[in-house]
file model37.txt (compact mmCIF, C-alpha atoms)
# COMPACT_ATOMS: atom_id res chain seq x y z
CA MET A 1 117.91 134.49 65.92
CA LYS A 2 119.28 131.08 66.90
CA ASP A 3 115.82 129.50 66.49
CA ALA A 4 115.43 131.14 63.08
CA GLY A 5 118.86 129.91 62.09
CA ASP A 6 117.97 126.39 63.18
CA VAL A 7 114.80 126.47 61.06
CA LEU A 8 116.68 127.69 57.98
CA THR A 9 119.49 125.18 58.42
CA ARG A 10 117.12 122.28 58.89
CA SER A 11 115.06 123.39 55.89
CA TYR A 12 118.20 123.38 53.73
CA ALA A 13 119.29 120.00 55.10
CA LYS A 14 115.88 118.45 54.40
CA GLY A 15 115.98 119.87 50.87
CA THR A 16 119.22 118.00 50.24
CA VAL A 17 118.27 114.84 52.13
CA GLY A 18 118.46 112.70 49.01
CA ALA A 19 122.22 113.13 49.15
CA ARG A 20 122.43 112.40 52.87
CA PRO A 21 123.01 108.77 53.91
CA ALA A 22 121.88 107.11 57.11
CA PRO A 23 124.24 107.20 60.09
CA ASP A 24 127.22 104.87 60.06
CA PHE A 25 127.17 104.27 63.81
CA LEU A 26 125.11 104.72 66.95
CA ILE A 27 126.44 104.87 70.50
CA VAL A 28 123.40 103.42 72.23
CA GLY A 29 124.11 103.62 75.97
CA THR A 30 123.95 102.87 78.78
CA LYS A 31 122.90 105.99 80.64
CA ARG A 32 125.68 107.38 82.83
CA GLY A 33 128.00 104.88 81.20
CA GLY A 34 130.27 107.15 79.19
CA THR A 35 128.21 107.72 76.07
CA THR A 36 129.00 111.43 75.98
CA SER A 37 132.70 110.84 76.54
CA LEU A 38 133.00 108.25 73.77
CA TYR A 39 131.11 110.45 71.33
CA ASN A 40 133.40 113.37 72.08
CA TYR A 41 136.48 111.17 71.65
CA LEU A 42 135.18 110.07 68.25
CA LEU A 43 134.63 113.68 67.20
CA MET A 44 138.35 114.28 67.79
CA HIS A 45 139.10 111.76 65.03
CA PRO A 46 139.59 113.51 61.66
CA GLY A 47 137.46 110.81 60.01
CA VAL A 48 134.35 111.34 62.16
CA LEU A 49 131.72 114.00 61.48
CA GLY A 50 129.31 115.38 64.04
CA LEU A 51 125.63 115.98 63.45
CA PHE A 52 124.82 118.57 60.80
CA PRO A 53 125.26 121.46 61.30
CA GLN A 54 128.27 120.51 63.36
CA VAL A 55 128.55 123.95 64.92
CA ARG A 56 125.48 123.15 67.06
CA GLY A 57 127.50 120.55 68.97
CA LYS A 58 124.62 118.12 69.45
CA LYS A 59 125.30 114.46 70.14
CA SER A 60 121.79 113.09 69.50
CA THR A 61 118.70 113.75 67.43
CA ASP A 62 116.45 111.86 69.89
CA TYR A 63 114.75 110.62 66.73
CA PHE A 64 113.96 107.07 67.77
CA PHE A 65 112.02 107.99 70.91
CA LYS A 66 110.98 111.65 70.91
CA GLU A 67 111.17 112.84 67.31
CA ARG A 68 109.93 109.98 65.11
CA GLY A 69 106.89 112.05 64.19
CA ARG A 70 109.21 114.32 62.20
CA GLY A 71 109.90 111.47 59.78
CA GLU A 72 112.98 109.76 58.41
CA LEU A 73 113.78 112.62 56.02
CA TRP A 74 114.15 114.91 59.03
CA TYR A 75 116.39 112.30 60.67
CA ARG A 76 118.65 111.91 57.65
CA SER A 77 118.97 115.68 57.38
CA HIS A 78 121.29 115.54 60.41
CA PHE A 79 124.00 113.61 58.54
CA HIS A 80 126.47 115.09 56.08
CA THR A 81 126.04 114.72 52.33
CA GLU A 82 127.99 112.22 50.26
CA ALA A 83 129.42 115.15 48.27
CA TYR A 84 130.93 116.66 51.41
CA ARG A 85 132.21 113.27 52.50
CA GLY A 86 133.74 112.83 49.06
CA LEU A 87 135.71 116.05 49.46
CA LEU A 88 137.01 114.89 52.82
CA SER A 89 137.74 111.42 51.45
CA ARG A 90 140.18 112.84 48.95
CA LYS A 91 141.99 114.64 51.75
CA LEU A 92 141.89 111.76 54.26
CA GLY A 93 142.32 108.81 51.94
CA TYR A 94 139.25 107.07 53.38
CA ARG A 95 135.53 107.73 53.74
CA PRO A 96 134.61 109.71 56.87
CA LEU A 97 131.84 108.42 59.13
CA SER A 98 128.95 110.09 60.88
CA GLY A 99 126.74 109.01 63.76
CA GLU A 100 124.98 109.98 66.95
CA ALA A 101 124.82 108.96 70.59
CA SER A 102 121.86 108.48 72.92
CA PRO A 103 121.85 106.49 76.18
CA TYR A 104 118.13 105.84 75.79
CA TYR A 105 118.54 103.84 72.58
CA LEU A 106 119.74 100.73 74.41
CA TRP A 107 116.99 100.90 77.00
CA ASP A 108 113.87 101.34 74.85
CA PRO A 109 113.12 97.82 73.52
CA ARG A 110 111.57 99.19 70.29
CA ILE A 111 114.57 101.12 69.05
CA ALA A 112 116.94 98.38 67.87
CA MET A 113 114.56 97.19 65.15
CA GLN A 114 113.67 100.77 64.22
CA ALA A 115 117.35 101.60 63.75
CA ARG A 116 117.86 98.44 61.72
CA ALA A 117 115.00 99.48 59.44
CA VAL A 118 116.73 102.79 58.67
CA SER A 119 119.85 101.01 57.36
CA LEU A 120 121.22 97.49 57.37
CA ASN A 121 124.75 98.86 57.60
CA ILE A 122 124.60 100.81 60.87
CA LYS A 123 126.98 99.67 63.60
CA ALA A 124 126.14 100.10 67.27
CA ILE A 125 128.32 100.51 70.35
CA ALA A 126 127.07 99.83 73.89
CA LEU A 127 129.00 100.90 76.98
CA LEU A 128 127.95 99.03 80.11
CA ARG A 129 128.84 100.40 83.54
CA ASP A 130 128.74 98.65 86.92
CA PRO A 131 124.95 98.74 87.42
CA VAL A 132 125.22 99.65 91.11
CA GLU A 133 127.25 102.77 90.36
CA ARG A 134 125.14 103.49 87.28
CA ALA A 135 121.90 103.46 89.28
CA TYR A 136 123.15 105.99 91.81
CA SER A 137 124.69 108.24 89.16
CA HIS A 138 121.38 108.17 87.25
CA TYR A 139 119.50 109.06 90.44
CA GLN A 140 121.82 111.95 91.27
CA GLU A 141 121.46 113.37 87.77
CA ARG A 142 117.68 113.38 88.16
CA VAL A 143 118.02 115.15 91.49
CA GLN A 144 120.21 117.78 89.87
CA ASN A 145 117.67 118.09 87.03
CA GLY A 146 115.00 118.89 89.63
CA VAL A 147 112.73 115.96 88.72
CA GLU A 148 113.50 113.60 91.64
CA PRO A 149 112.09 114.62 95.06
CA LEU A 150 112.75 111.30 96.84
CA ASP A 151 115.89 110.06 98.55
CA PHE A 152 117.69 107.19 96.81
CA GLU A 153 116.27 104.33 98.85
CA ALA A 154 112.74 105.71 98.56
CA ALA A 155 113.20 106.16 94.80
CA LEU A 156 114.29 102.53 94.47
CA ALA A 157 111.25 101.43 96.48
CA ALA A 158 108.95 103.55 94.27
CA GLU A 159 110.42 102.36 90.98
CA ASP A 160 108.02 99.49 90.26
CA THR A 161 105.02 101.72 90.93
CA ARG A 162 106.38 104.53 88.79
CA LEU A 163 107.09 102.20 85.87
CA ALA A 164 103.94 100.09 86.17
CA GLY A 165 102.15 99.78 82.83
CA GLU A 166 104.67 101.86 80.89
CA LEU A 167 106.13 98.99 78.87
CA GLY A 168 102.61 97.97 77.88
CA LYS A 169 101.87 101.47 76.62
CA MET A 170 105.13 101.49 74.70
CA ALA A 171 104.38 98.11 73.13
CA SER A 172 100.90 99.15 72.03
CA ASP A 173 101.92 102.58 70.72
CA SER A 174 105.18 102.87 68.77
CA TRP A 175 105.02 106.68 69.09
CA TYR A 176 104.65 106.75 72.88
CA TYR A 177 107.53 108.21 74.88
CA SER A 178 107.48 107.38 78.59
CA THR A 179 109.24 109.90 80.80
CA ALA A 180 108.87 107.49 83.74
CA HIS A 181 110.60 104.69 81.80
CA ASP A 182 113.40 107.11 80.95
CA PHE A 183 113.70 109.11 84.16
CA TYR A 184 113.05 106.69 87.02
CA SER A 185 114.42 103.32 85.84
CA TYR A 186 117.33 103.35 88.29
CA ARG A 187 117.33 99.65 89.14
CA ALA A 188 115.75 98.10 86.05
CA ARG A 189 118.05 99.82 83.60
CA GLY A 190 121.07 98.01 85.04
CA VAL A 191 119.74 94.58 84.05
CA TYR A 192 121.72 94.57 80.82
CA LEU A 193 121.33 91.09 79.35
CA PRO A 194 117.83 91.56 77.86
CA GLN A 195 118.93 94.89 76.39
CA VAL A 196 122.05 93.42 74.76
CA GLN A 197 120.09 90.42 73.46
CA ASN A 198 117.48 92.76 71.99
CA TRP A 199 120.15 94.62 70.03
CA HIS A 200 121.79 91.37 68.96
CA ARG A 201 118.49 90.22 67.49
CA ALA A 202 118.48 93.32 65.29
CA PHE A 203 122.22 93.74 64.78
CA PRO A 204 124.18 90.64 63.73
CA GLU A 205 127.63 89.69 64.97
CA GLY A 206 130.12 92.28 63.84
CA GLN A 207 127.64 95.16 64.00
CA LEU A 208 127.33 95.48 67.78
CA LEU A 209 130.30 96.18 70.04
CA VAL A 210 129.80 95.82 73.80
CA LEU A 211 132.39 97.47 76.07
CA ARG A 212 132.68 97.94 79.81
CA SER A 213 132.64 101.60 80.77
CA GLU A 214 135.31 100.92 83.38
CA ASP A 215 137.65 99.56 80.70
CA MET A 216 137.25 102.76 78.71
CA TYR A 217 137.98 104.98 81.70
CA ASP A 218 140.95 102.82 82.78
CA ASP A 219 142.48 102.98 79.28
CA VAL A 220 140.74 105.57 77.12
CA GLN A 221 143.15 105.27 74.20
CA GLY A 222 143.01 101.47 74.23
CA ALA A 223 139.21 101.43 74.22
CA PHE A 224 139.15 104.11 71.55
CA ASP A 225 141.46 101.98 69.38
CA ARG A 226 139.01 99.08 69.69
CA VAL A 227 136.13 101.32 68.64
CA CYS A 228 138.09 102.63 65.65
CA GLU A 229 138.92 99.08 64.56
CA PHE A 230 135.24 98.12 64.92
CA LEU A 231 134.15 101.08 62.79
CA GLY A 232 136.89 100.57 60.20
CA LEU A 233 138.69 103.80 61.03
CA PRO A 234 142.47 104.20 61.14
CA ARG A 235 143.99 104.56 64.58
CA PHE A 236 144.33 108.07 65.94
CA GLY A 237 146.07 109.38 69.03
CA LEU A 238 143.60 111.31 71.16
CA PRO A 239 144.72 114.83 72.08
CA THR A 240 142.95 114.49 75.45
CA THR A 241 141.44 111.64 77.44
CA LYS A 242 139.51 113.80 79.88
CA THR A 243 136.06 112.65 80.98
CA PHE A 244 133.04 114.50 79.62
CA ASN A 245 129.71 115.09 81.39
CA ALA A 246 131.06 114.17 84.83
CA SER A 247 130.26 116.00 88.05
CA ALA A 248 130.91 115.71 91.77
CA ARG A 249 128.72 113.13 93.47
CA SER A 250 127.82 112.29 97.06
CA ARG A 251 128.40 108.85 98.56
CA MET A 252 125.82 106.15 97.99
CA PRO A 253 124.08 104.93 101.18
CA GLU A 254 125.78 101.69 102.19
CA ALA A 255 122.51 99.83 102.75
CA ALA A 256 121.41 100.65 99.20
CA ARG A 257 124.80 99.60 97.82
CA ALA A 258 124.62 96.23 99.57
CA GLU A 259 121.05 95.64 98.42
CA LEU A 260 121.80 96.53 94.81
CA THR A 261 125.00 94.48 94.75
CA ALA A 262 123.06 91.39 95.83
CA TYR A 263 120.25 92.13 93.37
CA TYR A 264 122.53 92.48 90.35
CA ALA A 265 124.83 89.53 91.10
CA PRO A 266 122.82 86.89 89.17
CA HIS A 267 122.08 89.32 86.33
CA ASN A 268 125.76 90.21 85.98
CA LYS A 269 126.72 86.53 85.92
CA ALA A 270 124.14 85.79 83.22
CA LEU A 271 125.50 88.69 81.14
CA ALA A 272 129.11 87.54 81.57
CA ASP A 273 128.12 84.01 80.50
CA TYR A 274 126.30 85.35 77.46
CA LEU A 275 129.23 87.54 76.42
CA GLN A 276 131.69 84.75 77.31
CA ARG A 277 133.73 87.06 79.51
CA GLU A 278 135.18 86.99 82.95
CA PRO A 279 132.97 88.39 85.76
CA LEU A 280 132.22 91.96 84.79
CA TRP A 281 131.63 93.57 88.19
CA PRO A 282 131.83 92.48 91.84

call {"tool": "encode", "arguments": {"input": "model37.txt", "output": "structure tokens"}}
result
Amino acid sequence: MKDAGDVLTRSYAKGTVGARPAPDFLIVGTKRGGTTSLYNYLLMHPGVLGLFPQVRGKKSTDYFFKERGRGELWYRSHFHTEAYRGLLSRKLGYRPLSGEASPYYLWDPRIAMQARAVSLNIKAIALLRDPVERAYSHYQERVQNGVEPLDFEAALAAEDTRLAGELGKMASDSWYYSTAHDFYSYRARGVYLPQVQNWHRAFPEGQLLVLRSEDMYDDVQGAFDRVCEFLGLPRFGLPTTKTFNASARSRMPEAARAELTAYYAPHNKALADYLQREPLWP
């Protein structure tokens, strides 16, 4: 019944897609960096709409890497009509916004330009977490998902082999989705500067906001206020600042922590210089 309902709802949404604008914002990553939490905080704001139909509670369409074959009309069918937004606008006094969140969008080098092609007005938000902690959190999630049989140090050692040739396949085939590039990029995914630069090439100044995940978790309301200002939304006091999509984790092996800390040090410095910020992580 749920599947049948999904088919009917999507059919209706596609039939009215001419009245459905592109998303206003994308939360693009990084993985295990707080994407789910920020999206849920935004949904608490009276001026932010979830994906249509909102009752499904989805945060992402996966359009730009798994679902592009369904076409842009299918993608736009996930965003609320201008007529519905107009009704809310009269109640709120401002136009409500709609968007989605996917931690893979930052990582896939093809997606920034694809998103830009959908609309010149989309804004993007990137949350960047200490890459050492991010790598281990990513690994533990894959273990819990049942797709990672190796221990952490062995998985780091196997990463180059697992990812070998995948970027080439992605570059030569815009429809190709690489599970290896998504699942097993524990170390590589924490080299943030090329990812941020890639999005800056597609999204000009003022359309890409880069935040540290740690700053959001240290002061959720303060970070949320910055996001609202960036999106042009009025400030709103969050009813809760709890963390979403978190779970208990084991301790990272100290040898792996030391190795990753040394590996990321020059990359973190280059990112801090590019963003003109103080050192981001130890």

call {"tool": "residues_around", "arguments": {"input": "model37.txt", "residues": "Glu133 of chain A", "least_positions_apart": "2", "cutoff": "12 Å", "atoms": "only C-alpha atoms", "output": "VMD selection string"}}
result
chain A and resid 31 to 33 128 to 131 135 to 140 186 to 187 189 to 190 213 to 214 249 to 254 256 to 258 260 to 261 264 281 to 282

call {"tool": "residues_around", "arguments": {"input": "model37.txt", "residues": "segment 191-201 of chain A", "least_positions_apart": "5", "cutoff": "10 Å", "atoms": "only C-alpha atoms", "output": "short mmCIF file (atom, residue, chain, number, x, y, z; two decimals) with C-alpha atoms, keeping the file's coordinate frame"}}
result
data_model
loop_
_atom_site.label_atom_id
_atom_site.label_comp_id
_atom_site.auth_asym_id
_atom_site.auth_seq_id
_atom_site.Cartn_x
_atom_site.Cartn_y
_atom_site.Cartn_z
CA VAL A 28 123.40 103.42 72.23
CA THR A 30 123.95 102.87 78.78
CA TYR A 105 118.54 103.84 72.58
CA LEU A 106 119.74 100.73 74.41
CA TRP A 107 116.99 100.90 77.00
CA ASP A 108 113.87 101.34 74.85
CA PRO A 109 113.12 97.82 73.52
CA ARG A 110 111.57 99.19 70.29
CA ILE A 111 114.57 101.12 69.05
CA ALA A 112 116.94 98.38 67.87
CA MET A 113 114.56 97.19 65.15
CA ALA A 115 117.35 101.60 63.75
CA ARG A 116 117.86 98.44 61.72
CA ALA A 124 126.14 100.10 67.27
CA ALA A 126 127.07 99.83 73.89
CA LEU A 128 127.95 99.03 80.11
CA ARG A 129 128.84 100.40 83.54
CA PRO A 131 124.95 98.74 87.42
CA GLY A 206 130.12 92.28 63.84
CA GLN A 207 127.64 95.16 64.00
CA LEU A 208 127.33 95.48 67.78
CA LEU A 209 130.30 96.18 70.04
CA VAL A 210 129.80 95.82 73.80
CA TYR A 263 120.25 92.13 93.37
CA TYR A 264 122.53 92.48 90.35
CA PRO A 266 122.82 86.89 89.17
CA HIS A 267 122.08 89.32 86.33
CA ASN A 268 125.76 90.21 85.98
CA LYS A 269 126.72 86.53 85.92
CA ALA A 270 124.14 85.79 83.22
CA LEU A 271 125.50 88.69 81.14
CA ALA A 272 129.11 87.54 81.57
CA ASP A 273 128.12 84.01 80.50
CA TYR A 274 126.30 85.35 77.46
CA LEU A 275 129.23 87.54 76.42
#

call {"tool": "residues_around", "arguments": {"input": "model37.txt", "residues": "Ser77 of chain A", "least_positions_apart": "3", "cutoff": "8 Å", "atoms": "only C-alpha atoms", "output": "PDB file with C-alpha atoms, keeping the file's coordinate frame"}}
result
ATOM      1  CA  ARG A  10     117.120 122.280  58.890  1.00  0.00           C
ATOM      2  CA  ALA A  13     119.290 120.000  55.100  1.00  0.00           C
ATOM      3  CA  LYS A  14     115.880 118.450  54.400  1.00  0.00           C
ATOM      4  CA  THR A  16     119.220 118.000  50.240  1.00  0.00           C
ATOM      5  CA  VAL A  17     118.270 114.840  52.130  1.00  0.00           C
ATOM      6  CA  ARG A  20     122.430 112.400  52.870  1.00  0.00           C
ATOM      7  CA  PHE A  52     124.820 118.570  60.800  1.00  0.00           C
ATOM      8  CA  LEU A  73     113.780 112.620  56.020  1.00  0.00           C
ATOM      9  CA  TRP A  74     114.150 114.910  59.030  1.00  0.00           C
ATOM     10  CA  HIS A  80     126.470 115.090  56.080  1.00  0.00           C
TER      11      HIS A  80
END

call {"tool": "closest_residue", "arguments": {"input": "model37.txt", "among": "A:Thr161, A:Thr243, A:Thr81, A:Thr35", "to": "Ala101 of chain A", "atoms": "only C-alpha atoms"}}
result
A:Thr35

call {"tool": "atom_distance", "arguments": {"input": "model37.txt", "atom1": "atom CA of Ser60 of chain A", "atom2": "atom CA of Leu167 of chain A"}}
result
23.1 Å

call {"tool": "closest_atom_pairs", "arguments": {"input": "model37.txt", "of": "segment 56-113 of chain A", "to": "segment 169-183 of chain A", "cutoff": "8 Å", "atoms": "only C-alpha atoms", "output": "CSV"}}
result
residue,atom,partner,partner_atom,distance
A:Phe65,CA,A:Tyr177,CA,6.0
A:Lys66,CA,A:Tyr177,CA,6.3
A:Arg68,CA,A:Trp175,CA,7.1
A:Gly69,CA,A:Trp175,CA,7.5
A:Tyr104,CA,A:Asp182,CA,7.1
A:Arg110,CA,A:Ser174,CA,7.5

call {"tool": "residues_around", "arguments": {"input": "model37.txt", "residues": "segment 220-235 of chain A", "least_positions_apart": "2", "cutoff": "10 Å", "atoms": "all atoms listed in the file", "output": "VMD selection string"}}
result
chain A and resid 24 to 25 37 to 38 41 to 42 45 to 48 94 to 97 122 to 125 206 to 218 237 to 243

call {"tool": "atom_distance", "arguments": {"input": "model37.txt", "atom1": "atom CA of Thr61 of chain A", "atom2": "atom CA of Leu156 of chain A"}}
result
29.6 Å

call {"tool": "atom_distance", "arguments": {"input": "model37.txt", "atom1": "atom CA of Pro53 of chain A", "atom2": "atom CA of His78 of chain A"}}
result
7.2 Å

call {"tool": "closest_residue", "arguments": {"input": "model37.txt", "among": "A:Ser119, A:Ala255, A:Ala246, A:Glu278", "to": "Phe203 of chain A", "atoms": "all atoms listed in the file"}}
result
A:Ser119

call {"tool": "residues_around", "arguments": {"input": "model37.txt", "residues": "Pro149 of chain A", "least_positions_apart": "5", "cutoff": "12 Å", "atoms": "all atoms listed in the file", "output": "list in words"}}
result
Tyr139, Gln140, Glu141, Arg142, Val143, Gln144, Ala154, Ala155, Ala158 and Tyr184 of chain A

call {"tool": "closest_residue", "arguments": {"input": "model37.txt", "among": "A:Glu148, A:Glu205, A:Asp160, A:Glu100", "to": "Leu43 of chain A", "atoms": "only C-alpha atoms"}}
result
A:Glu100

call {"tool": "axis_aligned_box", "arguments": {"input": "model37.txt", "around": "segment 56-71 of chain A", "padding_each_side": "6 Å", "output": "lines of an AutoDock Vina configuration file"}}
result
center_x = 117.2
center_y = 115.1
center_z = 65.3
size_x = 32.6
size_y = 28.1
size_z = 23.1

call {"tool": "decode", "arguments": {"input": "model37.txt", "residues": "segment 201-211 of chain A", "atoms": "all heavy atoms", "output": "PDB file, in the first residue's frame"}}
result
ATOM      1  N   ARG A 201      33.662  27.002  -7.764  1.00  0.00           N
ATOM      2  CA  ARG A 201      33.700  27.239  -9.216  1.00  0.00           C
ATOM      3  C   ARG A 201      32.288  27.275  -9.807  1.00  0.00           C
ATOM      4  O   ARG A 201      32.032  27.970 -10.791  1.00  0.00           O
ATOM      5  CB  ARG A 201      34.537  26.160  -9.910  1.00  0.00           C
ATOM      6  CG  ARG A 201      36.036  26.370  -9.788  1.00  0.00           C
ATOM      7  CD  ARG A 201      36.820  25.445 -10.696  1.00  0.00           C
ATOM      8  NE  ARG A 201      36.784  24.069 -10.228  1.00  0.00           N
ATOM      9  CZ  ARG A 201      37.671  23.550  -9.380  1.00  0.00           C
ATOM     10  NH1 ARG A 201      38.651  24.297  -8.894  1.00  0.00           N
ATOM     11  NH2 ARG A 201      37.577  22.289  -8.992  1.00  0.00           N
ATOM     12  N   ALA A 202      31.391  26.518  -9.214  1.00  0.00           N
ATOM     13  CA  ALA A 202      30.007  26.482  -9.708  1.00  0.00           C
ATOM     14  C   ALA A 202      29.114  27.487  -8.995  1.00  0.00           C
ATOM     15  O   ALA A 202      28.185  28.025  -9.595  1.00  0.00           O
ATOM     16  CB  ALA A 202      29.437  25.070  -9.548  1.00  0.00           C
ATOM     17  N   PHE A 203      29.396  27.729  -7.717  1.00  0.00           N
ATOM     18  CA  PHE A 203      28.555  28.593  -6.899  1.00  0.00           C
ATOM     19  C   PHE A 203      29.357  29.817  -6.474  1.00  0.00           C
ATOM     20  O   PHE A 203      30.315  29.696  -5.706  1.00  0.00           O
ATOM     21  CB  PHE A 203      28.050  27.830  -5.667  1.00  0.00           C
ATOM     22  CG  PHE A 203      26.935  26.881  -5.967  1.00  0.00           C
ATOM     23  CD1 PHE A 203      27.135  25.759  -6.770  1.00  0.00           C
ATOM     24  CD2 PHE A 203      25.661  27.099  -5.466  1.00  0.00           C
ATOM     25  CE1 PHE A 203      26.108  24.885  -7.066  1.00  0.00           C
ATOM     26  CE2 PHE A 203      24.618  26.231  -5.754  1.00  0.00           C
ATOM     27  CZ  PHE A 203      24.840  25.123  -6.564  1.00  0.00           C
ATOM     28  N   PRO A 204      28.994  30.997  -6.963  1.00  0.00           N
ATOM     29  CA  PRO A 204      29.764  32.204  -6.657  1.00  0.00           C
ATOM     30  C   PRO A 204      29.676  32.594  -5.196  1.00  0.00           C
ATOM     31  O   PRO A 204      28.877  32.046  -4.428  1.00  0.00           O
ATOM     32  CB  PRO A 204      29.127  33.260  -7.556  1.00  0.00           C
ATOM     33  CG  PRO A 204      27.732  32.782  -7.769  1.00  0.00           C
ATOM     34  CD  PRO A 204      27.826  31.282  -7.807  1.00  0.00           C
ATOM     35  N   GLU A 205      30.513  33.551  -4.814  1.00  0.00           N
ATOM     36  CA  GLU A 205      30.500  34.066  -3.447  1.00  0.00           C
ATOM     37  C   GLU A 205      29.078  34.503  -3.077  1.00  0.00           C
ATOM     38  O   GLU A 205      28.386  35.155  -3.850  1.00  0.00           O
ATOM     39  CB  GLU A 205      31.453  35.261  -3.342  1.00  0.00           C
ATOM     40  CG  GLU A 205      31.844  35.613  -1.918  1.00  0.00           C
ATOM     41  CD  GLU A 205      32.718  34.566  -1.257  1.00  0.00           C
ATOM     42  OE1 GLU A 205      33.491  33.898  -1.966  1.00  0.00           O
ATOM     43  OE2 GLU A 205      32.610  34.419  -0.023  1.00  0.00           O
ATOM     44  N   GLY A 206      28.664  34.119  -1.904  1.00  0.00           N
ATOM     45  CA  GLY A 206      27.315  34.447  -1.466  1.00  0.00           C
ATOM     46  C   GLY A 206      26.318  33.338  -1.693  1.00  0.00           C
ATOM     47  O   GLY A 206      25.190  33.408  -1.196  1.00  0.00           O
ATOM     48  N   GLN A 207      26.722  32.302  -2.448  1.00  0.00           N
ATOM     49  CA  GLN A 207      25.817  31.163  -2.672  1.00  0.00           C
ATOM     50  C   GLN A 207      26.352  29.864  -2.091  1.00  0.00           C
ATOM     51  O   GLN A 207      25.725  28.818  -2.233  1.00  0.00           O
ATOM     52  CB  GLN A 207      25.539  30.990  -4.167  1.00  0.00           C
ATOM     53  CG  GLN A 207      24.588  32.038  -4.718  1.00  0.00           C
ATOM     54  CD  GLN A 207      24.204  31.770  -6.155  1.00  0.00           C
ATOM     55  OE1 GLN A 207      24.574  32.510  -7.060  1.00  0.00           O
ATOM     56  NE2 GLN A 207      23.447  30.712  -6.388  1.00  0.00           N
ATOM     57  N   LEU A 208      27.507  29.921  -1.433  1.00  0.00           N
ATOM     58  CA  LEU A 208      28.052  28.751  -0.756  1.00  0.00           C
ATOM     59  C   LEU A 208      28.503  29.163   0.633  1.00  0.00           C
ATOM     60  O   LEU A 208      29.329  30.067   0.788  1.00  0.00           O
ATOM     61  CB  LEU A 208      29.239  28.163  -1.527  1.00  0.00           C
ATOM     62  CG  LEU A 208      29.966  26.990  -0.839  1.00  0.00           C
ATOM     63  CD1 LEU A 208      29.039  25.777  -0.708  1.00  0.00           C
ATOM     64  CD2 LEU A 208      31.237  26.612  -1.603  1.00  0.00           C
ATOM     65  N   LEU A 209      27.950  28.520   1.649  1.00  0.00           N
ATOM     66  CA  LEU A 209      28.315  28.762   3.041  1.00  0.00           C
ATOM     67  C   LEU A 209      29.062  27.542   3.557  1.00  0.00           C
ATOM     68  O   LEU A 209      28.557  26.420   3.467  1.00  0.00           O
ATOM     69  CB  LEU A 209      27.060  29.007   3.884  1.00  0.00           C
ATOM     70  CG  LEU A 209      27.275  29.214   5.387  1.00  0.00           C
ATOM     71  CD1 LEU A 209      28.068  30.486   5.652  1.00  0.00           C
ATOM     72  CD2 LEU A 209      25.931  29.250   6.119  1.00  0.00           C
ATOM     73  N   VAL A 210      30.258  27.764   4.091  1.00  0.00           N
ATOM     74  CA  VAL A 210      31.074  26.677   4.637  1.00  0.00           C
ATOM     75  C   VAL A 210      31.163  26.857   6.148  1.00  0.00           C
ATOM     76  O   VAL A 210      31.622  27.895   6.641  1.00  0.00           O
ATOM     77  CB  VAL A 210      32.489  26.678   4.015  1.00  0.00           C
ATOM     78  CG1 VAL A 210      33.330  25.553   4.616  1.00  0.00           C
ATOM     79  CG2 VAL A 210      32.411  26.542   2.500  1.00  0.00           C
ATOM     80  N   LEU A 211      30.721  25.850   6.888  1.00  0.00           N
ATOM     81  CA  LEU A 211      30.728  25.874   8.346  1.00  0.00           C
ATOM     82  C   LEU A 211      31.499  24.679   8.887  1.00  0.00           C
ATOM     83  O   LEU A 211      31.518  23.608   8.277  1.00  0.00           O
ATOM     84  CB  LEU A 211      29.301  25.810   8.900  1.00  0.00           C
ATOM     85  CG  LEU A 211      28.337  26.940   8.538  1.00  0.00           C
ATOM     86  CD1 LEU A 211      26.946  26.591   9.056  1.00  0.00           C
ATOM     87  CD2 LEU A 211      28.809  28.252   9.127  1.00  0.00           C
TER      88      LEU A 211
END
